[in-house]
Amino acid sequence: MRSFLVAFAGLAVFAATGSAQAKIAITIDKNEQLMTVAVDGVERYRWPVSTGNPSHETPNGSFRTFRMEEDHFSKEFDDAPMPHSIFFTKIGHAIHGTDSEGHLGSPVSHGCVRLSRANATTLYALVEKDGVLNTTVTLLHLSGGRQLRRGALSGATQQPSSL
(Lines give C-alpha, C1' and ligand atoms only; values in the text may rest on other atoms or scores of the structure.)
Protein backbone atom coordinates (compact mmCIF):
# COMPACT_ATOMS: atom_id res chain seq x y z
CA MET A 1 0.00 0.00 0.00
CA ARG A 2 2.84 2.36 0.85
CA SER A 3 4.49 1.91 -2.59
CA PHE A 4 1.11 2.65 -4.17
CA LEU A 5 0.88 5.93 -2.25
CA VAL A 6 4.43 6.91 -3.22
CA ALA A 7 3.73 6.14 -6.88
CA PHE A 8 0.42 8.04 -6.70
CA ALA A 9 2.13 11.08 -5.12
CA GLY A 10 4.81 11.04 -7.82
CA LEU A 11 2.16 10.85 -10.53
CA ALA A 12 0.27 13.74 -8.93
CA VAL A 13 3.42 15.92 -8.90
CA PHE A 14 4.12 15.02 -12.56
CA ALA A 15 0.52 15.85 -13.54
CA ALA A 16 0.61 19.17 -11.67
CA THR A 17 3.80 20.32 -13.37
CA GLY A 18 2.89 18.98 -16.82
CA SER A 19 4.99 16.79 -19.03
CA ALA A 20 8.75 16.94 -18.96
CA GLN A 21 10.13 19.84 -20.95
CA ALA A 22 12.66 19.33 -23.70
CA LYS A 23 16.21 20.60 -23.51
CA ILE A 24 16.99 23.07 -26.29
CA ALA A 25 20.60 23.60 -27.35
CA ILE A 26 21.30 26.55 -29.64
CA THR A 27 24.80 26.57 -31.10
CA ILE A 28 26.13 29.51 -33.09
CA ASP A 29 29.26 29.00 -35.19
CA LYS A 30 30.58 32.53 -35.57
CA ASN A 31 33.07 31.47 -38.25
CA GLU A 32 30.31 30.09 -40.46
CA GLN A 33 27.63 32.54 -39.23
CA LEU A 34 25.34 29.56 -38.73
CA MET A 35 22.91 28.62 -35.96
CA THR A 36 22.00 25.03 -35.18
CA VAL A 37 19.04 24.23 -32.94
CA ALA A 38 18.79 20.81 -31.29
CA VAL A 39 15.99 19.52 -29.09
CA ASP A 40 16.90 16.70 -26.72
CA GLY A 41 20.06 16.12 -28.74
CA VAL A 42 18.30 15.88 -32.12
CA GLU A 43 19.12 18.60 -34.63
CA ARG A 44 15.97 20.34 -35.84
CA TYR A 45 17.03 23.56 -37.55
CA ARG A 46 20.04 25.13 -39.21
CA TRP A 47 19.83 28.82 -40.12
CA PRO A 48 22.16 31.61 -41.29
CA VAL A 49 22.72 34.40 -38.75
CA SER A 50 24.61 37.64 -38.26
CA THR A 51 26.70 38.03 -35.14
CA GLY A 52 28.61 41.06 -33.87
CA ASN A 53 30.89 43.13 -36.07
CA PRO A 54 34.53 43.58 -34.97
CA SER A 55 33.64 46.68 -32.92
CA HIS A 56 30.71 44.96 -31.19
CA GLU A 57 31.74 41.34 -30.70
CA THR A 58 29.20 38.72 -29.72
CA PRO A 59 30.71 36.90 -26.71
CA ASN A 60 32.02 33.35 -26.93
CA GLY A 61 30.95 30.73 -24.41
CA SER A 62 27.89 28.93 -23.11
CA PHE A 63 24.94 30.76 -21.62
CA ARG A 64 21.52 29.89 -20.27
CA THR A 65 18.66 31.94 -21.66
CA PHE A 66 16.67 33.75 -18.99
CA ARG A 67 14.27 36.25 -20.56
CA MET A 68 12.07 36.54 -23.63
CA GLU A 69 10.31 39.56 -25.14
CA GLU A 70 8.10 39.18 -28.16
CA ASP A 71 8.22 42.86 -29.18
CA HIS A 72 11.44 44.39 -27.76
CA PHE A 73 13.13 47.62 -28.88
CA SER A 74 16.81 48.39 -28.21
CA LYS A 75 17.37 51.00 -25.53
CA GLU A 76 21.00 51.31 -26.65
CA PHE A 77 20.63 51.59 -30.44
CA ASP A 78 17.90 54.13 -31.34
CA ASP A 79 14.92 51.93 -30.43
CA ALA A 80 15.90 49.44 -33.13
CA PRO A 81 13.31 46.65 -33.35
CA MET A 82 14.36 43.30 -31.87
CA PRO A 83 11.35 41.07 -32.56
CA HIS A 84 11.11 37.73 -30.77
CA SER A 85 14.09 38.43 -28.50
CA ILE A 86 15.61 35.65 -26.42
CA PHE A 87 18.18 37.12 -24.01
CA PHE A 88 21.27 35.18 -22.99
CA THR A 89 23.54 37.74 -21.24
CA LYS A 90 22.72 40.18 -18.47
CA ILE A 91 24.21 43.05 -20.49
CA GLY A 92 21.68 42.64 -23.28
CA HIS A 93 22.89 40.12 -25.84
CA ALA A 94 19.93 38.40 -27.46
CA ILE A 95 18.88 36.27 -30.39
CA HIS A 96 16.23 38.16 -32.39
CA GLY A 97 14.69 38.70 -35.79
CA THR A 98 15.90 41.25 -38.32
CA ASP A 99 14.60 43.04 -41.38
CA SER A 100 18.16 43.07 -42.78
CA GLU A 101 18.02 39.53 -44.11
CA GLY A 102 20.42 40.42 -46.91
CA HIS A 103 23.16 40.71 -44.28
CA LEU A 104 22.64 37.23 -42.81
CA GLY A 105 25.86 35.29 -43.17
CA SER A 106 28.02 38.31 -42.24
CA PRO A 107 29.09 39.56 -38.81
CA VAL A 108 27.36 42.98 -38.90
CA SER A 109 25.28 43.26 -35.72
CA HIS A 110 25.97 45.32 -32.60
CA GLY A 111 26.58 42.11 -30.63
CA CYS A 112 23.27 40.30 -30.80
CA VAL A 113 22.58 37.25 -32.93
CA ARG A 114 20.23 38.18 -35.77
CA LEU A 115 18.21 35.75 -37.83
CA SER A 116 15.31 36.10 -40.26
CA ARG A 117 12.00 37.16 -38.76
CA ALA A 118 10.40 33.86 -39.82
CA ASN A 119 13.13 31.81 -38.14
CA ALA A 120 13.07 34.05 -35.05
CA THR A 121 9.32 33.41 -34.77
CA THR A 122 9.88 29.65 -35.01
CA LEU A 123 12.68 29.70 -32.42
CA TYR A 124 10.73 31.93 -30.05
CA ALA A 125 7.71 29.59 -30.14
CA LEU A 126 9.94 26.56 -29.49
CA VAL A 127 11.68 28.17 -26.51
CA GLU A 128 8.40 29.53 -25.17
CA LYS A 129 6.86 26.04 -25.34
CA ASP A 130 9.75 24.14 -23.78
CA GLY A 131 10.92 26.77 -21.32
CA VAL A 132 13.41 29.61 -21.46
CA LEU A 133 15.32 28.09 -18.53
CA ASN A 134 15.71 24.79 -20.43
CA THR A 135 17.57 26.53 -23.25
CA THR A 136 21.32 27.00 -23.66
CA VAL A 137 23.16 29.14 -26.17
CA THR A 138 26.73 28.23 -27.09
CA LEU A 139 28.75 30.62 -29.25
CA LEU A 140 31.92 29.35 -30.89
CA HIS A 141 34.61 31.19 -32.80
CA LEU A 142 37.66 29.25 -33.90
CA SER A 143 40.66 31.50 -34.33
CA GLY A 144 41.96 31.41 -37.86
CA GLY A 145 38.60 30.20 -39.16
CA ARG A 146 37.08 31.80 -42.19
CA GLN A 147 34.35 34.40 -41.86
CA LEU A 148 31.56 34.39 -44.42
CA ARG A 149 30.86 37.66 -46.12
CA ARG A 150 27.63 39.11 -47.39
CA GLY A 151 26.00 36.93 -50.01
CA ALA A 152 28.08 33.86 -49.18
CA LEU A 153 24.95 32.00 -48.05
CA SER A 154 22.89 32.90 -51.10
CA GLY A 155 21.95 29.25 -51.63
CA ALA A 156 21.45 28.44 -47.95
CA THR A 157 18.07 27.50 -46.59
CA GLN A 158 16.67 30.28 -44.45
CA GLN A 159 13.40 28.57 -43.67
CA PRO A 160 13.12 25.77 -41.10
CA SER A 161 14.72 22.63 -42.38
CA SER A 162 13.36 19.24 -41.50
CA LEU A 163 16.36 17.37 -40.23
# chains A, B, ... in the order shown; residues from 1 in each chain; ligands from 1
$ select_by_dssp --residues "segment 85-117 of chain A" --states "strand (DSSP E)" --output "MDAnalysis selection string"
chainID A and resid 85:87 94:98 113:116
$ write_last_selection --atoms "N, CA, C and O atoms" --output "CSV table (one decimal), in the first residue's frame"
chain,number,residue,atom,x,y,z
A,85,SER,N,12.8,38.4,-29.2
A,85,SER,CA,14.1,38.4,-28.5
A,85,SER,C,14.2,37.3,-27.4
A,85,SER,O,13.2,37.2,-26.6
A,86,ILE,N,15.3,36.6,-27.4
A,86,ILE,CA,15.6,35.7,-26.4
A,86,ILE,C,17.0,36.1,-25.9
A,86,ILE,O,18.0,36.0,-26.5
A,87,PHE,N,17.0,36.6,-24.6
A,87,PHE,CA,18.2,37.1,-24.0
A,87,PHE,C,19.0,36.0,-23.4
A,87,PHE,O,18.5,35.2,-22.7
A,94,ALA,N,21.1,39.2,-27.2
A,94,ALA,CA,19.9,38.4,-27.5
A,94,ALA,C,20.0,37.8,-28.9
A,94,ALA,O,20.8,38.2,-29.7
A,95,ILE,N,19.2,36.8,-29.1
A,95,ILE,CA,18.9,36.3,-30.4
A,95,ILE,C,17.6,36.9,-30.8
A,95,ILE,O,16.6,36.9,-30.0
A,96,HIS,N,17.5,37.5,-32.0
A,96,HIS,CA,16.2,38.2,-32.4
A,96,HIS,C,16.1,38.3,-33.9
A,96,HIS,O,17.1,38.1,-34.6
A,97,GLY,N,14.9,38.5,-34.4
A,97,GLY,CA,14.7,38.7,-35.8
A,97,GLY,C,15.2,40.0,-36.3
A,97,GLY,O,15.5,40.9,-35.6
A,98,THR,N,15.4,40.1,-37.7
A,98,THR,CA,15.9,41.3,-38.3
A,98,THR,C,15.2,41.5,-39.6
A,98,THR,O,14.7,40.5,-40.3
A,113,VAL,N,22.6,38.3,-31.9
A,113,VAL,CA,22.6,37.3,-32.9
A,113,VAL,C,21.3,37.5,-33.7
A,113,VAL,O,20.2,37.3,-33.1
A,114,ARG,N,21.4,37.9,-34.9
A,114,ARG,CA,20.2,38.2,-35.8
A,114,ARG,C,19.9,37.0,-36.6
A,114,ARG,O,20.8,36.3,-37.1
A,115,LEU,N,18.6,36.7,-36.9
A,115,LEU,CA,18.2,35.8,-37.8
A,115,LEU,C,16.9,36.3,-38.5
A,115,LEU,O,16.4,37.3,-38.1
A,116,SER,N,16.5,35.6,-39.6
A,116,SER,CA,15.3,36.1,-40.3
A,116,SER,C,14.1,36.2,-39.3
A,116,SER,O,14.1,35.4,-38.3
$ residues_around --residues "segment 57-73 of chain A" --least-positions-apart "6" --cutoff "8 Å" --atoms "only C-alpha atoms" --output "number ranges by chain"
A: 51, 79-89, 93, 110-113, 124, 132-141
$ atom_distance --atom1 "atom CA of Leu34 of chain A" --atom2 "atom CA of Ser50 of chain A"
8.1 Å
$ residues_around --residues "Val37 of chain A" --least-positions-apart "2" --cutoff "9 Å" --atoms "only C-alpha atoms" --output "JSON, numbers by chain"
{"A": [24, 25, 26, 27, 28, 35, 39, 42, 43, 44, 45, 46, 47, 123]}
$ write_last_selection --atoms "all heavy atoms" --output "short mmCIF file (atom, residue, chain, number, x, y, z; two decimals), in the first residue's frame"
data_model
loop_
_atom_site.label_atom_id
_atom_site.label_comp_id
_atom_site.auth_asym_id
_atom_site.auth_seq_id
_atom_site.Cartn_x
_atom_site.Cartn_y
_atom_site.Cartn_z
N ILE A 24 16.68 22.44 -25.00
CA ILE A 24 16.99 23.07 -26.29
C ILE A 24 18.43 23.56 -26.25
O ILE A 24 18.81 24.28 -25.33
CB ILE A 24 16.04 24.25 -26.56
CG1 ILE A 24 14.58 23.76 -26.56
CG2 ILE A 24 16.40 24.94 -27.87
CD1 ILE A 24 13.57 24.88 -26.58
N ALA A 25 19.20 23.16 -27.23
CA ALA A 25 20.60 23.60 -27.35
C ALA A 25 20.74 24.39 -28.65
O ALA A 25 20.54 23.86 -29.74
CB ALA A 25 21.53 22.40 -27.35
N ILE A 26 21.07 25.67 -28.49
CA ILE A 26 21.30 26.55 -29.64
C ILE A 26 22.80 26.75 -29.74
O ILE A 26 23.44 27.20 -28.79
CB ILE A 26 20.60 27.90 -29.44
CG1 ILE A 26 19.09 27.70 -29.26
CG2 ILE A 26 20.91 28.85 -30.59
CD1 ILE A 26 18.35 28.94 -28.79
N THR A 27 23.36 26.40 -30.89
CA THR A 27 24.80 26.57 -31.10
C THR A 27 25.00 27.52 -32.27
O THR A 27 24.40 27.34 -33.33
CB THR A 27 25.47 25.22 -31.41
OG1 THR A 27 25.18 24.30 -30.35
CG2 THR A 27 26.98 25.37 -31.56
N ILE A 28 25.83 28.54 -32.05
CA ILE A 28 26.13 29.51 -33.09
C ILE A 28 27.61 29.40 -33.43
O ILE A 28 28.47 29.61 -32.58
CB ILE A 28 25.77 30.95 -32.67
CG1 ILE A 28 24.26 31.08 -32.53
CG2 ILE A 28 26.26 31.96 -33.71
CD1 ILE A 28 23.80 31.34 -31.17
N MET A 35 23.54 29.08 -37.19
CA MET A 35 22.91 28.62 -35.96
C MET A 35 22.35 27.22 -36.18
O MET A 35 21.71 26.95 -37.19
CB MET A 35 21.75 29.55 -35.56
CG MET A 35 20.93 29.05 -34.38
SD MET A 35 19.44 30.04 -34.06
CE MET A 35 20.19 31.55 -33.47
N VAL A 39 16.94 19.77 -30.17
CA VAL A 39 15.99 19.52 -29.09
C VAL A 39 16.23 18.10 -28.60
O VAL A 39 16.17 17.14 -29.38
CB VAL A 39 14.53 19.69 -29.56
CG1 VAL A 39 13.56 19.39 -28.43
CG2 VAL A 39 14.32 21.09 -30.12
N VAL A 42 18.63 16.13 -30.71
CA VAL A 42 18.30 15.88 -32.12
C VAL A 42 18.24 17.21 -32.86
O VAL A 42 17.45 18.09 -32.50
CB VAL A 42 16.95 15.14 -32.25
CG1 VAL A 42 16.60 14.93 -33.72
CG2 VAL A 42 16.99 13.81 -31.51
N GLU A 43 19.08 17.36 -33.87
CA GLU A 43 19.12 18.60 -34.63
C GLU A 43 17.81 18.82 -35.37
O GLU A 43 17.34 17.92 -36.07
CB GLU A 43 20.29 18.58 -35.62
CG GLU A 43 20.51 19.90 -36.30
CD GLU A 43 21.75 19.89 -37.17
OE1 GLU A 43 22.83 19.51 -36.69
OE2 GLU A 43 21.61 20.27 -38.36
N ARG A 44 17.25 20.02 -35.19
CA ARG A 44 15.97 20.34 -35.84
C ARG A 44 16.10 21.41 -36.91
O ARG A 44 15.40 21.38 -37.90
CB ARG A 44 14.97 20.85 -34.81
CG ARG A 44 14.31 19.77 -34.04
CD ARG A 44 12.82 20.09 -33.91
NE ARG A 44 12.29 19.26 -32.87
CZ ARG A 44 11.36 19.62 -32.03
NH1 ARG A 44 10.85 20.82 -32.11
NH2 ARG A 44 10.93 18.79 -31.13
N TYR A 45 16.94 22.43 -36.64
CA TYR A 45 17.03 23.56 -37.55
C TYR A 45 18.49 23.97 -37.74
O TYR A 45 19.31 23.81 -36.85
CB TYR A 45 16.27 24.78 -37.00
CG TYR A 45 14.83 24.51 -36.69
CD1 TYR A 45 14.39 24.39 -35.37
CD2 TYR A 45 13.88 24.39 -37.71
CE1 TYR A 45 13.05 24.15 -35.07
CE2 TYR A 45 12.55 24.15 -37.42
CZ TYR A 45 12.14 24.03 -36.10
OH TYR A 45 10.82 23.79 -35.81
N ARG A 46 18.74 24.55 -38.91
CA ARG A 46 20.04 25.13 -39.21
C ARG A 46 19.78 26.39 -40.04
O ARG A 46 19.20 26.30 -41.13
CB ARG A 46 20.88 24.13 -40.01
CG ARG A 46 22.33 24.52 -40.12
CD ARG A 46 23.10 23.47 -40.84
NE ARG A 46 23.18 22.29 -40.00
CZ ARG A 46 23.86 21.21 -40.29
NH1 ARG A 46 24.50 21.14 -41.43
NH2 ARG A 46 23.89 20.18 -39.49
N TRP A 47 20.17 27.54 -39.49
CA TRP A 47 19.83 28.82 -40.12
C TRP A 47 21.04 29.74 -40.20
O TRP A 47 21.85 29.79 -39.27
CB TRP A 47 18.77 29.53 -39.31
CG TRP A 47 17.44 28.87 -39.19
CD1 TRP A 47 16.72 28.29 -40.19
CD2 TRP A 47 16.66 28.73 -38.01
NE1 TRP A 47 15.53 27.81 -39.69
CE2 TRP A 47 15.47 28.07 -38.36
CE3 TRP A 47 16.84 29.11 -36.68
CZ2 TRP A 47 14.46 27.78 -37.44
CZ3 TRP A 47 15.84 28.82 -35.77
CH2 TRP A 47 14.67 28.16 -36.15
N LEU A 123 11.85 29.94 -33.60
CA LEU A 123 12.68 29.70 -32.42
C LEU A 123 11.99 30.18 -31.16
O LEU A 123 11.99 29.49 -30.13
CB LEU A 123 14.05 30.36 -32.59
CG LEU A 123 15.03 30.14 -31.45
CD1 LEU A 123 15.38 28.65 -31.33
CD2 LEU A 123 16.29 30.96 -31.67
#
$ atom_distance --atom1 "atom CA of Leu142 of chain A" --atom2 "atom CA of Gly102 of chain A"
24.3 Å
$ closest_residue --among "A:Ile91, A:Val49, A:Leu126, A:Ala118" --to "Asn31 of chain A" --atoms "only C-alpha atoms"
A:Val49
